[in-house]
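To keep things clear, I will list the structure first and then write my remarks on it.
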Amino acid sequence: MKFRYLGDSGMKISEVIYGNWLTHGSQVENDAAKACVAAALEAGISSFDTADVYANTAAETVLGEALTGQRRESLEIFTKVYWPTGPRGHNDVGLSRKHILESINGSLTRLKTDYVDLYQAHRYDTETPLEETMQAFADVVRSGKALYIGVSEWTADQLRAGHALAKDLGIQLISNQPQYSALWRVIEGEVVPASRELGVSQIVWSPVAQGVLTGKYLPGQPAPAGSRATDEKGGANMIARFLNDEVLTRVQNLRPIADGLGLTMAQLALAWVLANDNVAGAIIGASRPEQVADNARAVDVTLDADTLAAIDEALGDVVQTDPALTQANAPVTRPA
């Protein structure tokens, strides 16, 4: 495993991060989930990403149990707050002071830890003053319940405003967690330049485009049984944007590139993401331990300029690059 600094902080994280958005507590039985965590640890992965909303808090519980007995100081544990949890009451959502301070306590209990290394705003809250949100995060940090603050899917302007408030409050906002892959590059035009300016790193989710970049979805054919595209609980709505024959045909053009390098298509996709020096780490999920080991090998791959150009040519104009899509996919109001 290899490690990179997270933003302008002194903390390093593993380049491949184990995440449990669509697995622990929902799709995958607990024993299998724990086996995947064990495989991540064996592969040298030290960074683990979750959120209180995943499986309505159950994912945090499973991860906490799976990491029991590990040396806490050797791990970097990330979680998030924003989306509705619990009974979805009127204050069980958003980035109000009330919800943040209550949510961090619940997350720590479920994760069986006294602190998280990174506490992230899972989306931007349009209904809470940003000053209130950042003051609450500052209090979480000063209480020792989180070491650093991050965000997820914020625009460049939101990052600048949040970073300025954090700096005034004496805390470090060091990361953004966006969707990013060879097919979905919407952060490159505005978010990445702003992040470089501020000393913020990207922690990337969906680096294999919900599995599409593995090549298992073929044009003109139904989705494989048991795949994410067939599971309404497993992100079927999220993957739908990529499931058209034009995209799937272009993705198949990547296969000879991967074969020529002796890589799986998933490894090629992860190596592509990690070629961006503003990316600190890429989040992988897994339902089987062998998936973790295979994906972790991507850290040993360096893609040269000719290979990167060949990937661009193979995908052509199906790549999404419009910076406005970050805002377009954000919640306008709180999902009560």
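Scheme for the structure tokens: letters A, B, ... for chains in order shown; per-chain residue numbers from 1; ligand numbers from 1 in order shown.
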Determine, counting only C-alpha atoms, which protein, DNA and RNA residues have an atom within 8 Å of an atom of Ala286 of chain A; residues of the same chain fewer than 2 positions away are not included. Present the result as a PDB file with N, CA, C and O atoms, in the first residue's frame.
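Saved result, result01.pdb, follows:
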```pdb
ATOM      1  N   ASN A  20     -17.985   1.447   2.877  1.00  0.00           N
ATOM      2  CA  ASN A  20     -19.084   0.479   3.024  1.00  0.00           C
ATOM      3  C   ASN A  20     -20.456   1.099   2.775  1.00  0.00           C
ATOM      4  O   ASN A  20     -21.428   0.773   3.432  1.00  0.00           O
ATOM      5  N   THR A  23     -22.713  -1.865   1.059  1.00  0.00           N
ATOM      6  CA  THR A  23     -22.481  -3.255   1.434  1.00  0.00           C
ATOM      7  C   THR A  23     -22.857  -3.513   2.884  1.00  0.00           C
ATOM      8  O   THR A  23     -23.878  -4.123   3.169  1.00  0.00           O
ATOM      9  N   CYS A  36     -14.268  -8.863   4.341  1.00  0.00           N
ATOM     10  CA  CYS A  36     -13.765  -7.835   3.430  1.00  0.00           C
ATOM     11  C   CYS A  36     -12.898  -6.819   4.173  1.00  0.00           C
ATOM     12  O   CYS A  36     -11.865  -6.378   3.656  1.00  0.00           O
ATOM     13  N   ILE A 284     -13.016   2.180  -2.412  1.00  0.00           N
ATOM     14  CA  ILE A 284     -13.531   0.964  -3.035  1.00  0.00           C
ATOM     15  C   ILE A 284     -14.531   0.306  -2.094  1.00  0.00           C
ATOM     16  O   ILE A 284     -14.442   0.423  -0.875  1.00  0.00           O
ATOM     17  N   ARG A 288     -16.834  -9.295  -1.725  1.00  0.00           N
ATOM     18  CA  ARG A 288     -15.991 -10.477  -1.556  1.00  0.00           C
ATOM     19  C   ARG A 288     -14.559 -10.032  -1.256  1.00  0.00           C
ATOM     20  O   ARG A 288     -14.063  -9.074  -1.852  1.00  0.00           O
ATOM     21  N   PRO A 289     -13.854 -10.739  -0.365  1.00  0.00           N
ATOM     22  CA  PRO A 289     -12.497 -10.330   0.014  1.00  0.00           C
ATOM     23  C   PRO A 289     -11.533 -10.243  -1.162  1.00  0.00           C
ATOM     24  O   PRO A 289     -10.671  -9.352  -1.199  1.00  0.00           O
ATOM     25  N   GLN A 291     -12.012  -9.201  -4.085  1.00  0.00           N
ATOM     26  CA  GLN A 291     -12.155  -7.928  -4.784  1.00  0.00           C
ATOM     27  C   GLN A 291     -11.258  -6.863  -4.157  1.00  0.00           C
ATOM     28  O   GLN A 291     -10.668  -6.045  -4.861  1.00  0.00           O
ATOM     29  N   VAL A 292     -11.172  -6.884  -2.841  1.00  0.00           N
ATOM     30  CA  VAL A 292     -10.347  -5.906  -2.136  1.00  0.00           C
ATOM     31  C   VAL A 292      -8.879  -6.073  -2.516  1.00  0.00           C
ATOM     32  O   VAL A 292      -8.187  -5.105  -2.859  1.00  0.00           O
TER      33      VAL A 292
END
```
Going by DSSP on the backbone, which residues of segment 160-289 of chain A come out as alpha helix (DSSP H)? List them as a ChimeraX atom specification.
/A:160-169,191-198,236-239,245-252,255-261,265-274,289
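The two atoms in question, atom CA of Asn244 of chain A and atom CA of Pro331 of chain A, are spaced 25.2 Å apart.
Of note, atom CA of Thr326 of chain A and atom CA of Thr214 of chain A are spaced 23.8 Å apart.
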Do a neighbour search on segment 192-204 of chain A at 6 Å with only C-alpha atoms, toss out local chain neighbours closer than 6 positions, and write the hits as a PDB file with all heavy atoms, in the first residue's frame.
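Output file out-v2.pdb is given in full below:
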```pdb
ATOM      1  N   LEU A   6      -3.317  14.058   3.342  1.00  0.00           N
ATOM      2  CA  LEU A   6      -4.681  14.514   3.108  1.00  0.00           C
ATOM      3  C   LEU A   6      -4.715  16.030   3.233  1.00  0.00           C
ATOM      4  O   LEU A   6      -4.569  16.585   4.324  1.00  0.00           O
ATOM      5  CB  LEU A   6      -5.647  13.870   4.107  1.00  0.00           C
ATOM      6  CG  LEU A   6      -7.138  14.123   3.855  1.00  0.00           C
ATOM      7  CD1 LEU A   6      -7.544  13.685   2.447  1.00  0.00           C
ATOM      8  CD2 LEU A   6      -7.996  13.407   4.895  1.00  0.00           C
ATOM      9  N   GLY A   7      -4.868  16.691   2.094  1.00  0.00           N
ATOM     10  CA  GLY A   7      -4.849  18.147   2.084  1.00  0.00           C
ATOM     11  C   GLY A   7      -3.535  18.689   2.600  1.00  0.00           C
ATOM     12  O   GLY A   7      -2.480  18.060   2.431  1.00  0.00           O
ATOM     13  N   ASP A   8      -3.600  19.848   3.210  1.00  0.00           N
ATOM     14  CA  ASP A   8      -2.407  20.466   3.773  1.00  0.00           C
ATOM     15  C   ASP A   8      -2.135  20.006   5.200  1.00  0.00           C
ATOM     16  O   ASP A   8      -1.380  20.648   5.933  1.00  0.00           O
ATOM     17  CB  ASP A   8      -2.544  21.995   3.755  1.00  0.00           C
ATOM     18  CG  ASP A   8      -2.138  22.585   2.412  1.00  0.00           C
ATOM     19  OD1 ASP A   8      -1.595  21.846   1.578  1.00  0.00           O
ATOM     20  OD2 ASP A   8      -2.382  23.789   2.194  1.00  0.00           O
ATOM     21  N   ALA A 156     -17.036  24.618  -5.893  1.00  0.00           N
ATOM     22  CA  ALA A 156     -15.828  25.405  -5.633  1.00  0.00           C
ATOM     23  C   ALA A 156     -16.136  26.583  -4.721  1.00  0.00           C
ATOM     24  O   ALA A 156     -15.379  26.870  -3.773  1.00  0.00           O
ATOM     25  CB  ALA A 156     -15.226  25.884  -6.950  1.00  0.00           C
ATOM     26  N   ILE A 174      -9.920  19.841   5.221  1.00  0.00           N
ATOM     27  CA  ILE A 174      -8.809  19.331   4.402  1.00  0.00           C
ATOM     28  C   ILE A 174      -9.238  18.423   3.250  1.00  0.00           C
ATOM     29  O   ILE A 174      -8.387  18.002   2.466  1.00  0.00           O
ATOM     30  CB  ILE A 174      -7.793  18.571   5.278  1.00  0.00           C
ATOM     31  CG1 ILE A 174      -8.460  17.397   6.007  1.00  0.00           C
ATOM     32  CG2 ILE A 174      -7.118  19.507   6.253  1.00  0.00           C
ATOM     33  CD1 ILE A 174      -7.475  16.505   6.757  1.00  0.00           C
ATOM     34  N   SER A 175     -10.537  18.149   3.117  1.00  0.00           N
ATOM     35  CA  SER A 175     -10.916  17.187   2.075  1.00  0.00           C
ATOM     36  C   SER A 175     -12.307  17.451   1.526  1.00  0.00           C
ATOM     37  O   SER A 175     -13.171  18.033   2.193  1.00  0.00           O
ATOM     38  CB  SER A 175     -10.854  15.753   2.609  1.00  0.00           C
ATOM     39  OG  SER A 175     -11.846  15.562   3.597  1.00  0.00           O
ATOM     40  N   ASN A 176     -12.494  16.990   0.296  1.00  0.00           N
ATOM     41  CA  ASN A 176     -13.796  16.950  -0.360  1.00  0.00           C
ATOM     42  C   ASN A 176     -13.970  15.536  -0.887  1.00  0.00           C
ATOM     43  O   ASN A 176     -13.008  14.918  -1.349  1.00  0.00           O
ATOM     44  CB  ASN A 176     -13.841  17.953  -1.517  1.00  0.00           C
ATOM     45  CG  ASN A 176     -15.158  17.910  -2.282  1.00  0.00           C
ATOM     46  OD1 ASN A 176     -16.227  17.944  -1.679  1.00  0.00           O
ATOM     47  ND2 ASN A 176     -15.082  17.869  -3.607  1.00  0.00           N
ATOM     48  N   GLN A 177     -15.184  15.010  -0.776  1.00  0.00           N
ATOM     49  CA  GLN A 177     -15.438  13.655  -1.272  1.00  0.00           C
ATOM     50  C   GLN A 177     -16.430  13.719  -2.438  1.00  0.00           C
ATOM     51  O   GLN A 177     -17.641  13.716  -2.241  1.00  0.00           O
ATOM     52  CB  GLN A 177     -15.965  12.743  -0.155  1.00  0.00           C
ATOM     53  CG  GLN A 177     -16.064  11.299  -0.599  1.00  0.00           C
ATOM     54  CD  GLN A 177     -16.470  10.362   0.519  1.00  0.00           C
ATOM     55  OE1 GLN A 177     -17.366   9.531   0.341  1.00  0.00           O
ATOM     56  NE2 GLN A 177     -15.822  10.456   1.668  1.00  0.00           N
ATOM     57  N   PRO A 178     -15.911  13.769  -3.672  1.00  0.00           N
ATOM     58  CA  PRO A 178     -16.777  13.831  -4.839  1.00  0.00           C
ATOM     59  C   PRO A 178     -16.818  12.498  -5.588  1.00  0.00           C
ATOM     60  O   PRO A 178     -15.940  11.649  -5.440  1.00  0.00           O
ATOM     61  CB  PRO A 178     -16.075  14.865  -5.710  1.00  0.00           C
ATOM     62  CG  PRO A 178     -14.613  14.541  -5.470  1.00  0.00           C
ATOM     63  CD  PRO A 178     -14.508  14.042  -4.032  1.00  0.00           C
ATOM     64  N   GLN A 179     -17.813  12.354  -6.433  1.00  0.00           N
ATOM     65  CA  GLN A 179     -17.782  11.279  -7.423  1.00  0.00           C
ATOM     66  C   GLN A 179     -16.750  11.670  -8.486  1.00  0.00           C
ATOM     67  O   GLN A 179     -16.732  12.809  -8.956  1.00  0.00           O
ATOM     68  CB  GLN A 179     -19.156  11.096  -8.067  1.00  0.00           C
ATOM     69  CG  GLN A 179     -19.179   9.979  -9.092  1.00  0.00           C
ATOM     70  CD  GLN A 179     -20.536   9.765  -9.724  1.00  0.00           C
ATOM     71  OE1 GLN A 179     -20.718   8.828 -10.510  1.00  0.00           O
ATOM     72  NE2 GLN A 179     -21.506  10.596  -9.395  1.00  0.00           N
ATOM     73  N   TYR A 180     -15.884  10.726  -8.849  1.00  0.00           N
ATOM     74  CA  TYR A 180     -14.858  11.015  -9.847  1.00  0.00           C
ATOM     75  C   TYR A 180     -14.405   9.713 -10.475  1.00  0.00           C
ATOM     76  O   TYR A 180     -14.109   8.739  -9.777  1.00  0.00           O
ATOM     77  CB  TYR A 180     -13.670  11.717  -9.191  1.00  0.00           C
ATOM     78  CG  TYR A 180     -12.568  12.154 -10.145  1.00  0.00           C
ATOM     79  CD1 TYR A 180     -12.848  12.942 -11.262  1.00  0.00           C
ATOM     80  CD2 TYR A 180     -11.245  11.801  -9.908  1.00  0.00           C
ATOM     81  CE1 TYR A 180     -11.830  13.370 -12.116  1.00  0.00           C
ATOM     82  CE2 TYR A 180     -10.225  12.219 -10.757  1.00  0.00           C
ATOM     83  CZ  TYR A 180     -10.527  13.003 -11.857  1.00  0.00           C
ATOM     84  OH  TYR A 180      -9.521  13.414 -12.703  1.00  0.00           O
ATOM     85  N   ASN A 278      -4.298  15.677  -7.082  1.00  0.00           N
ATOM     86  CA  ASN A 278      -5.165  16.269  -6.069  1.00  0.00           C
ATOM     87  C   ASN A 278      -6.026  15.219  -5.372  1.00  0.00           C
ATOM     88  O   ASN A 278      -6.722  15.511  -4.414  1.00  0.00           O
ATOM     89  CB  ASN A 278      -6.058  17.352  -6.691  1.00  0.00           C
ATOM     90  CG  ASN A 278      -6.833  18.160  -5.672  1.00  0.00           C
ATOM     91  OD1 ASN A 278      -8.061  18.261  -5.753  1.00  0.00           O
ATOM     92  ND2 ASN A 278      -6.144  18.737  -4.704  1.00  0.00           N
ATOM     93  N   VAL A 279      -5.957  13.987  -5.867  1.00  0.00           N
ATOM     94  CA  VAL A 279      -6.677  12.869  -5.246  1.00  0.00           C
ATOM     95  C   VAL A 279      -5.772  12.244  -4.180  1.00  0.00           C
ATOM     96  O   VAL A 279      -4.679  11.797  -4.488  1.00  0.00           O
ATOM     97  CB  VAL A 279      -7.080  11.819  -6.289  1.00  0.00           C
ATOM     98  CG1 VAL A 279      -7.634  10.565  -5.617  1.00  0.00           C
ATOM     99  CG2 VAL A 279      -8.092  12.398  -7.263  1.00  0.00           C
ATOM    100  N   ALA A 280      -6.238  12.228  -2.930  1.00  0.00           N
ATOM    101  CA  ALA A 280      -5.476  11.581  -1.865  1.00  0.00           C
ATOM    102  C   ALA A 280      -5.762  10.094  -1.798  1.00  0.00           C
ATOM    103  O   ALA A 280      -4.892   9.301  -1.436  1.00  0.00           O
ATOM    104  CB  ALA A 280      -5.781  12.237  -0.520  1.00  0.00           C
ATOM    105  N   GLY A 281      -6.996   9.715  -2.128  1.00  0.00           N
ATOM    106  CA  GLY A 281      -7.348   8.304  -2.059  1.00  0.00           C
ATOM    107  C   GLY A 281      -8.632   8.025  -2.805  1.00  0.00           C
ATOM    108  O   GLY A 281      -9.462   8.918  -3.021  1.00  0.00           O
ATOM    109  N   ALA A 282      -8.791   6.785  -3.227  1.00  0.00           N
ATOM    110  CA  ALA A 282      -9.994   6.336  -3.942  1.00  0.00           C
ATOM    111  C   ALA A 282     -10.702   5.288  -3.103  1.00  0.00           C
ATOM    112  O   ALA A 282     -10.080   4.335  -2.619  1.00  0.00           O
ATOM    113  CB  ALA A 282      -9.622   5.763  -5.307  1.00  0.00           C
ATOM    114  N   ILE A 283     -12.006   5.462  -2.930  1.00  0.00           N
ATOM    115  CA  ILE A 283     -12.795   4.558  -2.100  1.00  0.00           C
ATOM    116  C   ILE A 283     -13.266   3.366  -2.923  1.00  0.00           C
ATOM    117  O   ILE A 283     -13.843   3.529  -3.998  1.00  0.00           O
ATOM    118  CB  ILE A 283     -14.017   5.282  -1.515  1.00  0.00           C
ATOM    119  CG1 ILE A 283     -13.570   6.470  -0.648  1.00  0.00           C
ATOM    120  CG2 ILE A 283     -14.874   4.326  -0.702  1.00  0.00           C
ATOM    121  CD1 ILE A 283     -14.719   7.362  -0.210  1.00  0.00           C
TER     122      ILE A 283
END
```
So, with only C-alpha atoms as the atoms that count, which of A:Leu147, A:Ala59, A:Leu111, A:Val81 lies closest to Gly10 of chain A?
A:Leu147
Which of segment 71-109 of chain A fall in strand (DSSP E), as a tab-separated table (two decimals) with C-alpha atoms, in the first residue's frame:
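So the final result, stored in states_13.tsv, reads:
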```
chain	number	residue	atom	x	y	z
A	76	GLU	CA	-7.88	6.51	9.77
A	77	ILE	CA	-11.65	6.31	10.24
A	78	PHE	CA	-13.94	8.68	8.32
A	79	THR	CA	-17.67	9.19	8.70
A	80	LYS	CA	-20.25	11.74	7.58
A	81	VAL	CA	-23.35	13.65	8.64
```
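Taking atom CA of Leu213 of chain A as the reference point, atom CA of Lys34 of chain A is found at 25.6 Å.
Proximity to Asn276 of chain A was assessed for A:Thr113, A:Leu173, A:Glu15, A:Arg123 counting only C-alpha atoms; the smallest distance is recorded for A:Glu15.
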Would you list the contacts of Thr126 of chain A as an MDAnalysis selection string, taking every protein, DNA or RNA residue within 10 Å and counting only C-alpha atoms, but skipping same-chain residues closer than 4 positions in sequence?
chainID A and resid 94:95 130 330:334
Output for the residues just chosen: N, CA, C and O atoms as a tab-separated table (two decimals), in the first residue's frame:
```tsv
chain	number	residue	atom	x	y	z
A	94	GLY	N	-29.61	17.17	8.05
A	94	GLY	CA	-29.02	18.49	7.83
A	94	GLY	C	-27.76	18.73	8.62
A	94	GLY	O	-27.19	17.81	9.24
A	95	LEU	N	-27.31	19.98	8.60
A	95	LEU	CA	-26.07	20.37	9.25
A	95	LEU	C	-26.30	21.45	10.31
A	95	LEU	O	-25.48	22.36	10.49
A	130	LEU	N	-24.12	28.68	7.06
A	130	LEU	CA	-22.82	28.02	7.03
A	130	LEU	C	-22.03	28.31	8.30
A	130	LEU	O	-21.28	27.46	8.78
A	330	ALA	N	-27.00	18.19	-6.42
A	330	ALA	CA	-27.08	18.47	-4.98
A	330	ALA	C	-28.52	18.66	-4.54
A	330	ALA	O	-29.36	19.13	-5.31
A	331	PRO	N	-28.84	18.32	-3.29
A	331	PRO	CA	-30.21	18.57	-2.80
A	331	PRO	C	-30.48	20.06	-2.68
A	331	PRO	O	-29.64	20.82	-2.19
A	332	VAL	N	-31.62	20.49	-3.16
A	332	VAL	CA	-32.02	21.91	-3.08
A	332	VAL	C	-32.53	22.24	-1.70
A	332	VAL	O	-32.28	23.32	-1.15
A	333	THR	N	-33.26	21.31	-1.12
A	333	THR	CA	-33.74	21.46	0.25
A	333	THR	C	-33.40	20.20	1.01
A	333	THR	O	-33.05	19.17	0.42
A	334	ARG	N	-33.52	20.24	2.31
A	334	ARG	CA	-33.26	19.05	3.12
A	334	ARG	C	-34.24	17.93	2.78
A	334	ARG	O	-35.44	18.17	2.69
```
Give me the residues within 12 Å of Ala161 of chain A as number ranges by chain, counting only C-alpha atoms and dropping any in the same chain fewer than 3 places off.
A: 124, 129-131, 133-134, 154-158, 164-168, 173, 194-195, 198
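Taking only C-alpha atoms into account, Leu183 of chain A lies nearest to A:Gly316 out of the set A:Gly106, A:Gly285, A:Gly144, A:Gly316.
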